[in-house]
>>> print(open('start.pdb').read())   # PDB, C-alpha atoms
ATOM      1  CA  MET A   1       0.000   0.000   0.000
ATOM      2  CA  GLU A   2       1.618   3.153  -1.235
ATOM      3  CA  LEU A   3      -0.654   5.474   0.704
ATOM      4  CA  ALA A   4      -0.173   3.586   3.932
ATOM      5  CA  ASN A   5       3.550   3.537   3.358
ATOM      6  CA  THR A   6       3.760   7.285   2.951
ATOM      7  CA  ILE A   7       1.671   7.827   6.059
ATOM      8  CA  ASN A   8       3.835   5.422   8.041
ATOM      9  CA  LEU A   9       6.964   7.029   6.646
ATOM     10  CA  LEU A  10       5.719  10.417   7.796
ATOM     11  CA  ASN A  11       5.208   9.050  11.247
ATOM     12  CA  SER A  12       8.266   6.870  11.554
ATOM     13  CA  VAL A  13      10.421   9.809  12.602
ATOM     14  CA  ASN A  14       8.014  10.704  15.365
ATOM     15  CA  LEU A  15       7.474   9.303  18.808
ATOM     16  CA  ALA A  16       3.947   8.124  18.164
ATOM     17  CA  ALA A  17       3.988   6.171  14.967
ATOM     18  CA  ILE A  18       0.546   5.184  13.837
ATOM     19  CA  GLU A  19       0.876   1.871  12.126
ATOM     20  CA  VAL A  20      -2.198   0.303  10.651
ATOM     21  CA  GLY A  21      -1.989  -2.908   8.711
ATOM     22  CA  GLU A  22       1.572  -3.738   9.754
ATOM     23  CA  HIS A  23       1.937  -6.935  11.652
ATOM     24  CA  PHE A  24       4.624  -8.958  13.340
ATOM     25  CA  TYR A  25       4.019 -12.212  11.481
ATOM     26  CA  TRP A  26       4.701 -15.600  12.974
ATOM     27  CA  GLU A  27       4.491 -18.661  10.790
ATOM     28  CA  ILE A  28       2.899 -21.631  12.482
ATOM     29  CA  GLY A  29       2.672 -24.510  10.039
ATOM     30  CA  LYS A  30       0.918 -23.164   6.993
ATOM     31  CA  TYR A  31      -0.617 -20.241   8.794
ATOM     32  CA  LYS A  32       0.586 -16.713   9.308
ATOM     33  CA  VAL A  33      -0.491 -15.267  12.628
ATOM     34  CA  HIS A  34      -0.202 -11.771  14.041
ATOM     35  CA  GLY A  35       2.409 -12.232  16.740
ATOM     36  CA  GLN A  36       1.882  -8.903  18.501
ATOM     37  CA  VAL A  37      -1.726  -9.838  19.256
ATOM     38  CA  PHE A  38      -0.606 -13.105  20.813
ATOM     39  CA  LEU A  39       2.031 -11.434  22.963
ATOM     40  CA  VAL A  40      -0.357  -8.874  24.418
ATOM     41  CA  SER A  41      -3.146 -11.461  24.771
ATOM     42  CA  TRP A  42      -0.807 -13.644  26.818
ATOM     43  CA  PHE A  43       0.056 -10.646  28.925
ATOM     44  CA  VAL A  44      -3.644  -9.930  29.531
ATOM     45  CA  ILE A  45      -4.364 -13.564  30.364
ATOM     46  CA  GLY A  46      -1.399 -13.538  32.743
ATOM     47  CA  VAL A  47      -2.658 -10.404  34.472
ATOM     48  CA  LEU A  48      -6.126 -11.901  34.908
ATOM     49  CA  ILE A  49      -4.765 -15.187  36.261
ATOM     50  CA  LEU A  50      -2.420 -13.401  38.662
ATOM     51  CA  LEU A  51      -5.212 -11.151  39.944
ATOM     52  CA  SER A  52      -7.652 -13.999  40.518
ATOM     53  CA  PHE A  53      -4.929 -16.111  42.091
ATOM     54  CA  ALA A  54      -3.907 -13.288  44.424
ATOM     55  CA  ALA A  55      -7.509 -12.703  45.439
ATOM     56  CA  THR A  56      -8.356 -16.345  46.161
ATOM     57  CA  ARG A  57      -5.072 -17.555  47.638
ATOM     58  CA  ASN A  58      -6.131 -16.776  51.178
ATOM     59  CA  VAL A  59      -9.916 -16.589  51.177
ATOM     60  CA  GLN A  60     -11.455 -15.096  54.304
ATOM     61  CA  ARG A  61     -15.032 -15.397  55.449
ATOM     62  CA  ILE A  62     -15.072 -11.651  55.967
ATOM     63  CA  PRO A  63     -13.367 -10.280  52.862
ATOM     64  CA  THR A  64     -10.889  -7.459  53.160
ATOM     65  CA  GLY A  65      -8.957  -5.384  50.695
ATOM     66  CA  PHE A  66      -8.282  -7.089  47.415
ATOM     67  CA  GLN A  67     -10.614 -10.030  47.977
ATOM     68  CA  ASN A  68     -13.372  -7.519  48.607
ATOM     69  CA  PHE A  69     -12.685  -5.843  45.291
ATOM     70  CA  MET A  70     -12.703  -9.103  43.339
ATOM     71  CA  GLU A  71     -15.951 -10.162  45.012
ATOM     72  CA  TYR A  72     -17.423  -6.857  43.934
ATOM     73  CA  VAL A  73     -16.300  -7.577  40.358
ATOM     74  CA  LEU A  74     -17.867 -11.033  40.493
ATOM     75  CA  ASP A  75     -21.099  -9.554  41.853
ATOM     76  CA  PHE A  76     -21.121  -7.042  39.030
ATOM     77  CA  LEU A  77     -20.671  -9.758  36.390
ATOM     78  CA  ARG A  78     -23.377 -11.911  37.941
ATOM     79  CA  GLY A  79     -25.719  -8.943  38.002
ATOM     80  CA  LEU A  80     -24.963  -8.270  34.355
ATOM     81  CA  ALA A  81     -25.793 -11.835  33.354
ATOM     82  CA  LYS A  82     -28.842 -11.968  35.620
ATOM     83  CA  ASP A  83     -30.304  -8.780  34.173
ATOM     84  CA  GLN A  84     -30.179 -10.113  30.627
ATOM     85  CA  ILE A  85     -30.691 -13.856  30.928
ATOM     86  CA  GLY A  86     -33.029 -14.012  33.890
ATOM     87  CA  GLU A  87     -32.916 -15.357  37.410
ATOM     88  CA  LYS A  88     -33.562 -18.982  36.473
ATOM     89  CA  GLU A  89     -30.929 -19.680  33.870
ATOM     90  CA  TYR A  90     -28.179 -17.126  34.254
ATOM     91  CA  ARG A  91     -25.856 -19.172  36.472
ATOM     92  CA  PRO A  92     -24.146 -21.429  33.856
ATOM     93  CA  TRP A  93     -23.501 -18.412  31.636
ATOM     94  CA  VAL A  94     -21.695 -16.274  34.198
ATOM     95  CA  PRO A  95     -18.253 -17.711  33.329
ATOM     96  CA  PHE A  96     -18.694 -17.042  29.605
ATOM     97  CA  ILE A  97     -20.065 -13.514  29.983
ATOM     98  CA  GLY A  98     -17.565 -12.739  32.730
ATOM     99  CA  THR A  99     -14.616 -13.963  30.693
ATOM    100  CA  LEU A 100     -15.681 -11.900  27.703
ATOM    101  CA  PHE A 101     -16.071  -8.795  29.828
ATOM    102  CA  LEU A 102     -12.852  -9.194  31.800
ATOM    103  CA  PHE A 103     -10.687 -10.051  28.815
ATOM    104  CA  ILE A 104     -12.010  -7.231  26.656
ATOM    105  CA  PHE A 105     -11.873  -4.760  29.523
ATOM    106  CA  VAL A 106      -8.335  -5.600  30.598
ATOM    107  CA  SER A 107      -7.040  -5.697  27.039
ATOM    108  CA  ASN A 108      -8.657  -2.356  26.178
ATOM    109  CA  TRP A 109      -7.226  -0.725  29.256
ATOM    110  CA  SER A 110      -3.831  -2.332  28.804
ATOM    111  CA  GLY A 111      -3.741  -0.830  25.318
ATOM    112  CA  ALA A 112      -4.550   2.576  26.734
ATOM    113  CA  LEU A 113      -2.522   2.539  29.949
ATOM    114  CA  ILE A 114       0.665   0.624  29.180
ATOM    115  CA  PRO A 115       3.203   2.404  26.941
ATOM    116  CA  TRP A 116       3.639  -0.533  24.577
ATOM    117  CA  LYS A 117       5.401   1.716  22.073
ATOM    118  CA  LEU A 118       8.533   1.648  24.235
ATOM    119  CA  ILE A 119       8.922  -2.067  23.538
ATOM    120  CA  GLU A 120      10.378  -2.579  20.090
ATOM    121  CA  ILE A 121       9.362  -5.559  18.019
ATOM    122  CA  PRO A 122      10.713  -6.245  14.521
ATOM    123  CA  GLU A 123       7.544  -5.232  12.683
ATOM    124  CA  GLY A 124       4.303  -3.533  13.612
ATOM    125  CA  GLU A 125       3.749  -2.506  17.201
ATOM    126  CA  LEU A 126       2.304  -3.896  20.393
ATOM    127  CA  SER A 127      -1.167  -2.644  21.261
ATOM    128  CA  ALA A 128      -4.445  -3.887  22.696
ATOM    129  CA  PRO A 129      -5.449  -7.256  21.194
ATOM    130  CA  THR A 130      -8.885  -5.808  20.455
ATOM    131  CA  VAL A 131      -7.320  -3.442  17.901
ATOM    132  CA  ASP A 132      -6.883  -6.468  15.642
ATOM    133  CA  ILE A 133     -10.124  -7.393  13.898
ATOM    134  CA  ASN A 134      -9.319 -11.105  14.100
ATOM    135  CA  THR A 135      -9.623 -10.993  17.890
ATOM    136  CA  THR A 136     -13.000  -9.275  17.866
ATOM    137  CA  VAL A 137     -14.336 -11.539  15.117
ATOM    138  CA  ALA A 138     -13.292 -14.534  17.199
ATOM    139  CA  PHE A 139     -15.209 -13.173  20.199
ATOM    140  CA  ALA A 140     -18.246 -12.412  18.057
ATOM    141  CA  LEU A 141     -18.297 -15.885  16.491
ATOM    142  CA  LEU A 142     -17.929 -17.450  19.936
ATOM    143  CA  THR A 143     -20.935 -15.429  21.024
ATOM    144  CA  SER A 144     -22.899 -16.685  18.010
ATOM    145  CA  LEU A 145     -21.973 -20.272  18.834
ATOM    146  CA  ALA A 146     -22.926 -19.678  22.454
ATOM    147  CA  TYR A 147     -26.398 -18.416  21.726
ATOM    148  CA  PHE A 148     -27.081 -21.139  19.165
ATOM    149  CA  TYR A 149     -25.957 -23.672  21.747
ATOM    150  CA  ALA A 150     -28.126 -22.041  24.399
ATOM    151  CA  GLY A 151     -31.202 -22.026  22.175
ATOM    152  CA  ILE A 152     -30.766 -25.533  20.807
ATOM    153  CA  SER A 153     -29.916 -27.104  24.149
ATOM    154  CA  LYS A 154     -32.979 -25.465  25.678
ATOM    155  CA  LYS A 155     -35.568 -26.082  22.981
ATOM    156  CA  GLY A 156     -33.988 -28.618  20.615
ATOM    157  CA  LEU A 157     -34.712 -27.981  16.969
ATOM    158  CA  GLY A 158     -37.796 -26.110  18.078
ATOM    159  CA  TYR A 159     -35.406 -23.204  18.458
ATOM    160  CA  PHE A 160     -35.516 -22.681  14.713
ATOM    161  CA  ALA A 161     -39.306 -22.952  14.735
ATOM    162  CA  ASP A 162     -39.250 -19.817  16.904
ATOM    163  CA  TYR A 163     -37.894 -17.902  13.936
ATOM    164  CA  ALA A 164     -41.413 -17.892  12.514
ATOM    165  CA  GLN A 165     -42.841 -16.872  15.854
ATOM    166  CA  PRO A 166     -45.061 -13.822  15.401
ATOM    167  CA  SER A 167     -45.538 -14.630  11.707
ATOM    168  CA  PRO A 168     -43.607 -16.557   9.021
ATOM    169  CA  ILE A 169     -42.650 -13.251   7.384
ATOM    170  CA  MET A 170     -40.069 -12.862  10.141
ATOM    171  CA  VAL A 171     -37.995 -15.874   9.049
ATOM    172  CA  PRO A 172     -35.684 -14.109   6.549
ATOM    173  CA  PHE A 173     -35.147 -11.202   8.937
ATOM    174  CA  ARG A 174     -34.267 -13.486  11.812
ATOM    175  CA  ALA A 175     -31.951 -15.477   9.547
ATOM    176  CA  ILE A 176     -30.169 -12.324   8.370
ATOM    177  CA  GLU A 177     -29.906 -11.184  11.974
ATOM    178  CA  ASP A 178     -27.818 -14.256  12.735
ATOM    179  CA  PHE A 179     -25.219 -12.930  10.310
ATOM    180  CA  THR A 180     -25.430  -9.250  11.151
ATOM    181  CA  ARG A 181     -25.076  -9.854  14.886
ATOM    182  CA  PRO A 182     -21.475 -11.105  14.837
ATOM    183  CA  LEU A 183     -20.660  -8.544  12.148
ATOM    184  CA  SER A 184     -21.886  -5.591  14.187
ATOM    185  CA  LEU A 185     -20.473  -6.978  17.455
ATOM    186  CA  SER A 186     -16.999  -7.367  16.010
ATOM    187  CA  PHE A 187     -16.988  -4.103  14.031
ATOM    188  CA  ARG A 188     -18.274  -2.101  16.975
ATOM    189  CA  LEU A 189     -15.534  -3.248  19.334
ATOM    190  CA  PHE A 190     -12.757  -3.154  16.738
ATOM    191  CA  GLY A 191     -13.764   0.248  15.363
ATOM    192  CA  ASN A 192     -14.176   1.914  18.721
ATOM    193  CA  ILE A 193     -10.851   0.773  20.126
ATOM    194  CA  LEU A 194      -8.947   1.446  16.922
ATOM    195  CA  ALA A 195     -10.590   4.878  16.639
ATOM    196  CA  ASP A 196      -9.482   5.655  20.192
ATOM    197  CA  GLU A 197      -5.910   4.644  19.516
ATOM    198  CA  LEU A 198      -5.813   6.555  16.236
ATOM    199  CA  ALA A 199      -7.336   9.704  17.711
ATOM    200  CA  VAL A 200      -4.875   9.667  20.606
ATOM    201  CA  GLY A 201      -2.035   8.888  18.202
ATOM    202  CA  VAL A 202      -2.921  11.770  15.885
ATOM    203  CA  LEU A 203      -3.236  14.192  18.774
ATOM    204  CA  VAL A 204       0.067  13.054  20.275
ATOM    205  CA  LEU A 205       1.582  13.620  16.854
ATOM    206  CA  LEU A 206       0.356  17.215  16.840
ATOM    207  CA  VAL A 207       0.840  18.169  20.490
ATOM    208  CA  PRO A 208       2.874  15.658  22.474
ATOM    209  CA  LEU A 209       2.200  17.099  25.931
ATOM    210  CA  ILE A 210      -0.862  17.465  28.187
ATOM    211  CA  VAL A 211      -3.343  18.215  25.381
ATOM    212  CA  PRO A 212      -4.030  14.541  24.542
ATOM    213  CA  LEU A 213      -4.792  13.753  28.193
ATOM    214  CA  PRO A 214      -8.543  14.494  28.123
ATOM    215  CA  LEU A 215      -8.882  12.363  25.003
ATOM    216  CA  MET A 216      -6.974   9.550  26.714
ATOM    217  CA  ILE A 217      -9.342   9.696  29.679
ATOM    218  CA  LEU A 218     -12.292   9.667  27.283
ATOM    219  CA  GLY A 219     -10.613   6.667  25.642
ATOM    220  CA  LEU A 220     -10.472   4.817  28.971
ATOM    221  CA  PHE A 221     -14.151   5.561  29.474
ATOM    222  CA  THR A 222     -15.203   4.352  26.002
ATOM    223  CA  SER A 223     -13.069   1.223  26.308
ATOM    224  CA  ALA A 224     -14.816   0.313  29.546
ATOM    225  CA  ILE A 225     -18.233   1.030  28.004
ATOM    226  CA  GLN A 226     -17.391  -1.088  24.958
ATOM    227  CA  ALA A 227     -16.436  -4.044  27.137
ATOM    228  CA  LEU A 228     -19.710  -3.603  29.034
ATOM    229  CA  ILE A 229     -21.686  -3.392  25.787
ATOM    230  CA  PHE A 230     -20.097  -6.483  24.314
ATOM    231  CA  ALA A 231     -20.820  -8.508  27.425
ATOM    232  CA  THR A 232     -24.351  -7.109  27.768
ATOM    233  CA  LEU A 233     -25.183  -7.858  24.140
ATOM    234  CA  ALA A 234     -23.748 -11.368  24.346
ATOM    235  CA  ALA A 235     -25.827 -11.991  27.450
ATOM    236  CA  SER A 236     -28.967 -10.561  25.886
ATOM    237  CA  TYR A 237     -28.543 -12.694  22.740
ATOM    238  CA  ILE A 238     -28.162 -15.772  24.902
ATOM    239  CA  GLY A 239     -31.147 -14.746  26.999
ATOM    240  CA  GLU A 240     -33.245 -14.132  23.912
ATOM    241  CA  ALA A 241     -32.323 -17.522  22.471
ATOM    242  CA  MET A 242     -33.454 -19.273  25.654
ATOM    243  CA  GLU A 243     -36.570 -17.219  26.172
ATOM    244  CA  SER A 244     -39.698 -19.246  25.531
ATOM    245  CA  HIS A 245     -42.511 -17.570  23.687
ATOM    246  CA  GLY A 246     -45.246 -19.788  25.059
ATOM    247  CA  GLU A 247     -45.168 -18.651  28.663
ATOM    248  CA  GLU A 248     -45.218 -15.143  29.986
ATOM    249  CA  HIS A 249     -41.944 -13.304  30.365
ATOM    250  CA  HIS A 250     -41.194 -12.519  33.965
ATOM    251  CA  GLU A 251     -38.787  -9.796  34.889
TER     252      GLU A 251
ATOM    253  CA  MET B   1      -2.523   7.296 -13.686
ATOM    254  CA  ASP B   2      -5.081   4.688 -12.852
ATOM    255  CA  SER B   3      -3.808   3.993  -9.357
ATOM    256  CA  SER B   4      -3.562   7.685  -8.482
ATOM    257  CA  LEU B   5      -7.196   8.103  -9.499
ATOM    258  CA  VAL B   6      -8.146   5.183  -7.277
ATOM    259  CA  THR B   7      -6.144   6.682  -4.409
ATOM    260  CA  ALA B   8      -7.837  10.065  -4.788
ATOM    261  CA  ALA B   9     -11.280   8.502  -5.014
ATOM    262  CA  SER B  10     -10.519   6.350  -1.952
ATOM    263  CA  VAL B  11      -9.505   9.343   0.126
ATOM    264  CA  VAL B  12     -12.658  11.256  -0.869
ATOM    265  CA  ALA B  13     -14.783   8.195  -0.186
ATOM    266  CA  ALA B  14     -13.167   7.729   3.223
ATOM    267  CA  GLY B  15     -13.982  11.320   4.123
ATOM    268  CA  LEU B  16     -17.563  10.873   2.957
ATOM    269  CA  ALA B  17     -17.963   7.592   4.829
ATOM    270  CA  VAL B  18     -17.143   9.195   8.168
ATOM    271  CA  GLY B  19     -18.735  12.564   7.453
ATOM    272  CA  LEU B  20     -22.082  11.315   6.156
ATOM    273  CA  GLY B  21     -22.068   8.492   8.680
ATOM    274  CA  ALA B  22     -21.810  11.010  11.510
ATOM    275  CA  ILE B  23     -25.007  12.871  10.582
ATOM    276  CA  GLY B  24     -27.570  10.282  11.599
ATOM    277  CA  PRO B  25     -26.043   9.229  14.914
ATOM    278  CA  GLY B  26     -25.441  12.929  15.695
ATOM    279  CA  ILE B  27     -29.128  13.673  15.390
ATOM    280  CA  GLY B  28     -30.000  10.503  17.285
ATOM    281  CA  GLN B  29     -27.614  11.222  20.140
ATOM    282  CA  GLY B  30     -28.920  14.761  20.410
ATOM    283  CA  THR B  31     -32.495  13.529  20.653
ATOM    284  CA  ALA B  32     -31.575  10.879  23.199
ATOM    285  CA  ALA B  33     -29.602  13.294  25.374
ATOM    286  CA  GLY B  34     -32.402  15.854  25.219
ATOM    287  CA  GLN B  35     -34.984  13.293  26.269
ATOM    288  CA  ALA B  36     -32.725  12.133  29.088
ATOM    289  CA  VAL B  37     -32.351  15.681  30.384
ATOM    290  CA  GLU B  38     -36.115  16.068  30.234
ATOM    291  CA  GLY B  39     -36.524  12.825  32.120
ATOM    292  CA  ILE B  40     -34.076  13.913  34.821
ATOM    293  CA  ALA B  41     -35.812  17.282  35.135
ATOM    294  CA  ARG B  42     -39.122  15.534  35.571
ATOM    295  CA  GLN B  43     -37.866  12.908  37.954
ATOM    296  CA  PRO B  44     -34.526  13.843  39.508
ATOM    297  CA  GLU B  45     -34.496  10.739  41.715
ATOM    298  CA  ALA B  46     -34.187   8.507  38.627
ATOM    299  CA  GLU B  47     -31.013  10.223  37.497
ATOM    300  CA  GLY B  48     -28.660   7.298  38.027
ATOM    301  CA  LYS B  49     -30.778   4.866  36.072
ATOM    302  CA  ILE B  50     -31.378   7.341  33.254
ATOM    303  CA  ARG B  51     -27.693   8.133  33.001
ATOM    304  CA  ALA B  52     -26.685   4.481  32.783
ATOM    305  CA  THR B  53     -29.252   3.768  30.083
ATOM    306  CA  LEU B  54     -28.292   6.914  28.198
ATOM    307  CA  LEU B  55     -24.606   6.027  28.151
ATOM    308  CA  LEU B  56     -25.317   2.533  26.906
ATOM    309  CA  SER B  57     -27.618   3.739  24.137
ATOM    310  CA  LEU B  58     -25.221   6.514  23.149
ATOM    311  CA  ALA B  59     -22.548   3.889  22.641
ATOM    312  CA  PHE B  60     -24.916   1.950  20.388
ATOM    313  CA  MET B  61     -25.520   5.013  18.258
ATOM    314  CA  GLU B  62     -21.839   5.810  18.147
ATOM    315  CA  ALA B  63     -21.270   2.365  16.686
ATOM    316  CA  LEU B  64     -23.019   3.470  13.481
ATOM    317  CA  THR B  65     -20.411   6.140  12.834
ATOM    318  CA  ILE B  66     -17.746   3.647  13.762
ATOM    319  CA  TYR B  67     -18.925   1.376  10.943
ATOM    320  CA  GLY B  68     -18.299   4.274   8.579
ATOM    321  CA  LEU B  69     -14.895   4.734  10.180
ATOM    322  CA  VAL B  70     -14.069   1.061   9.638
ATOM    323  CA  ILE B  71     -14.933   1.446   5.952
ATOM    324  CA  ALA B  72     -12.790   4.593   5.799
ATOM    325  CA  LEU B  73      -9.860   2.796   7.421
ATOM    326  CA  ILE B  74     -10.201  -0.109   5.019
ATOM    327  CA  LEU B  75     -10.158   2.322   2.095
ATOM    328  CA  LEU B  76      -7.096   4.135   3.451
ATOM    329  CA  PHE B  77      -4.948   1.308   4.757
ATOM    330  CA  ALA B  78      -6.154  -1.933   3.192
ATOM    331  CA  ASN B  79      -7.671  -0.775  -0.060
ATOM    332  CA  PRO B  80      -8.724  -3.803  -2.097
ATOM    333  CA  PHE B  81      -8.762  -1.794  -5.362
ATOM    334  CA  ALA B  82      -5.392  -0.078  -5.288
TER     335      ALA B  82
END
>>> encode(input="start.pdb", output="structure tokens")
Amino acid sequence: MELANTINLLNSVNLAAIEVGEHFYWEIGKYKVHGQVFLVSWFVIGVLILLSFAATRNVQRIPTGFQNFMEYVLDFLRGLAKDQIGEKEYRPWVPFIGTLFLFIFVSNWSGALIPWKLIEIPEGELSAPTVDINTTVAFALLTSLAYFYAGISKKGLGYFADYAQPSPIMVPFRAIEDFTRPLSLSFRLFGNILADELAVGVLVLLVPLIVPLPLMILGLFTSAIQALIFATLAASYIGEAMESHGEEHHE
Amino acid sequence: MDSSLVTAASVVAAGLAVGLGAIGPGIGQGTAAGQAVEGIARQPEAEGKIRATLLLSLAFMEALTIYGLVIALILLFANPFA
């Protein structure tokens, strides 16, 4: 890409190079993978494991300090799942929803808070894993699988009969929705996080000091909201798939 | 000559994708925020709930512009035609 090359060339002399479409390729068998995404993903997974390990290593009946915080997080995630899926069936889905939320949240914030640019890798640059569209597409497809599984395990093949629920006219719309859901889920997360990084990068390019700070804080806020939205939507899709149309819907 | 034309058209199209894509969500966000303010004025005790719902729905609307941005980024950095 000539255009991309010129833009990258312009930036390469500066502190905040904005590199889009440049990756640190690893070859595994026949496949080329984006190594920088793996490195940061492993870092995020490590952080999450360390935090949960530190919180549960010495569990007290009356929680203090860090354990208290992690219990608050767990309560929050359970509340999120319960609000969308319903009191009766939310419990088995807490791990899935919680993992989605925590991973996306920690990776978004790690991209915003940790100065990855200081660490040099041969090609491309380290940043939040959610800046790579492959990561978000993977999450979105997992969500699709999860709600199909939820619906089919609950109602059997009758799940697909629900597509024609109010009237058979709805069938094509519901079928298309199955494709647009992962598309919009993945694009929303990817676009928001990439837009944040680009906006901060451009502003840092123009004025390196102090001025980008408000935008960075806004970026932290949007990243958190995006993680919340992804988890909420995943939960609501799962809840909708398990909802039965025959009986009344209780809040 | 051909590729420079494609590049120019891509840059214009990228600008249009974000610019036109921002109109609708802008109007929508304005309406939503206005209604939320009205709701808070009517019922100040519901402020927390209204704010949480507003933020969530604002993020949904923002996503529409972001789709335009994704198209713009594809045109600029991963153009399939150039």
>>> residues_around(input="start.pdb", residues="Val18 in chain B", least_positions_apart="3", cutoff="12 Å", atoms="all atoms listed in the file", output="VMD selection string")
(chain A and resid 191 195) or (chain B and resid 11 to 15 21 to 26 62 to 73 75)
>>> atom_distance(input="start.pdb", atom1="CA of Leu39 in chain A", atom2="CA of Trp116 in chain A")
11.1 Å
>>> residues_around(input="start.pdb", residues="Pro92 in chain A", least_positions_apart="3", cutoff="12 Å", atoms="only C-alpha atoms", output="list in words")
Arg78, Ala81, Lys82, Ile85, Gly86, Glu87, Lys88, Glu89, Pro95, Phe96, Ile97, Gly98, Ala146, Ala150, Ala235, Ile238 and Gly239 of chain A
>>> residues_around(input="start.pdb", residues="range 28-38 of chain B", least_positions_apart="2", cutoff="8 Å", atoms="only C-alpha atoms", output="list of chain:residue names")
B:Gly24, B:Pro25, B:Gly26, B:Ile40, B:Ala41, B:Arg42, B:Ile50, B:Arg51, B:Leu54, B:Leu58, B:Met61
>>> atom_distance(input="start.pdb", atom1="CA of Leu141 in chain A", atom2="CA of Ser52 in chain A")
26.3 Å
>>> residues_around(input="start.pdb", residues="Leu185 in chain A", least_positions_apart="2", cutoff="10 Å", atoms="only C-alpha atoms", output="PyMOL selection string")
(chain A and resi 136-137+139-141+143+180-183+187-190+229-230+233-234) or (chain B and resi 63)
>>> residues_around(input="start.pdb", residues="Phe101 in chain A", least_positions_apart="2", cutoff="8 Å", atoms="all atoms listed in the file", output="PyMOL selection string")
chain A and resi 97-99+103-105+227-228+230-231
>>> resolve_selection(input="start.pdb", expression="the PyMOL selection byres ((chain A and resi 215) around 12)", output="ChimeraX atom specification")
/A:112,195-204,210-214,216-223
>>> resolve_selection(input="start.pdb", expression="the PyMOL selection byres ((chain A and resi 36) around 12)", output="compact mmCIF listing (two decimals) with C-alpha atoms, in the coordinates of the input")
# COMPACT_ATOMS: atom_id res chain seq x y z
CA GLU A 22 1.57 -3.74 9.75
CA HIS A 23 1.94 -6.94 11.65
CA PHE A 24 4.62 -8.96 13.34
CA TYR A 25 4.02 -12.21 11.48
CA TRP A 26 4.70 -15.60 12.97
CA VAL A 33 -0.49 -15.27 12.63
CA HIS A 34 -0.20 -11.77 14.04
CA GLY A 35 2.41 -12.23 16.74
CA VAL A 37 -1.73 -9.84 19.26
CA PHE A 38 -0.61 -13.10 20.81
CA LEU A 39 2.03 -11.43 22.96
CA VAL A 40 -0.36 -8.87 24.42
CA SER A 41 -3.15 -11.46 24.77
CA TRP A 42 -0.81 -13.64 26.82
CA PHE A 43 0.06 -10.65 28.92
CA GLY A 111 -3.74 -0.83 25.32
CA TRP A 116 3.64 -0.53 24.58
CA LYS A 117 5.40 1.72 22.07
CA ILE A 119 8.92 -2.07 23.54
CA GLU A 120 10.38 -2.58 20.09
CA ILE A 121 9.36 -5.56 18.02
CA PRO A 122 10.71 -6.24 14.52
CA GLU A 123 7.54 -5.23 12.68
CA GLY A 124 4.30 -3.53 13.61
CA GLU A 125 3.75 -2.51 17.20
CA LEU A 126 2.30 -3.90 20.39
CA SER A 127 -1.17 -2.64 21.26
CA ALA A 128 -4.44 -3.89 22.70
CA PRO A 129 -5.45 -7.26 21.19
CA THR A 130 -8.88 -5.81 20.45
CA VAL A 131 -7.32 -3.44 17.90
CA ASP A 132 -6.88 -6.47 15.64
CA THR A 135 -9.62 -10.99 17.89
>>> axis_aligned_box(input="start.pdb", around="range 27-44 of chain B", padding_each_side="8 Å", output="AutoDock Vina command-line options")
--center_x -33.4 --center_y 13.9 --center_z 27.4 --size_x 27.5 --size_y 22.8 --size_z 40.1
>>> residues_near_point(input="start.pdb", point="(-8.4, 6.4, -5.4)", cutoff="12 Å", atoms="only C-alpha atoms", output="list in words")
Met1, Glu2 and Leu3 of chain A; Met1, Asp2, Ser3, Ser4, Leu5, Val6, Thr7, Ala8, Ala9, Ser10, Val11, Val12, Ala13, Ala14, Leu75, Leu76, Phe77, Asn79, Pro80, Phe81 and Ala82 of chain B
>>> write_last_selection(input="start.pdb", atoms="C-alpha atoms", output="compact mmCIF listing (two decimals), in the coordinates of the input")
# COMPACT_ATOMS: atom_id res chain seq x y z
CA MET A 1 0.00 0.00 0.00
CA GLU A 2 1.62 3.15 -1.24
CA LEU A 3 -0.65 5.47 0.70
CA MET B 1 -2.52 7.30 -13.69
CA ASP B 2 -5.08 4.69 -12.85
CA SER B 3 -3.81 3.99 -9.36
CA SER B 4 -3.56 7.68 -8.48
CA LEU B 5 -7.20 8.10 -9.50
CA VAL B 6 -8.15 5.18 -7.28
CA THR B 7 -6.14 6.68 -4.41
CA ALA B 8 -7.84 10.06 -4.79
CA ALA B 9 -11.28 8.50 -5.01
CA SER B 10 -10.52 6.35 -1.95
CA VAL B 11 -9.51 9.34 0.13
CA VAL B 12 -12.66 11.26 -0.87
CA ALA B 13 -14.78 8.20 -0.19
CA ALA B 14 -13.17 7.73 3.22
CA LEU B 75 -10.16 2.32 2.10
CA LEU B 76 -7.10 4.14 3.45
CA PHE B 77 -4.95 1.31 4.76
CA ASN B 79 -7.67 -0.78 -0.06
CA PRO B 80 -8.72 -3.80 -2.10
CA PHE B 81 -8.76 -1.79 -5.36
CA ALA B 82 -5.39 -0.08 -5.29
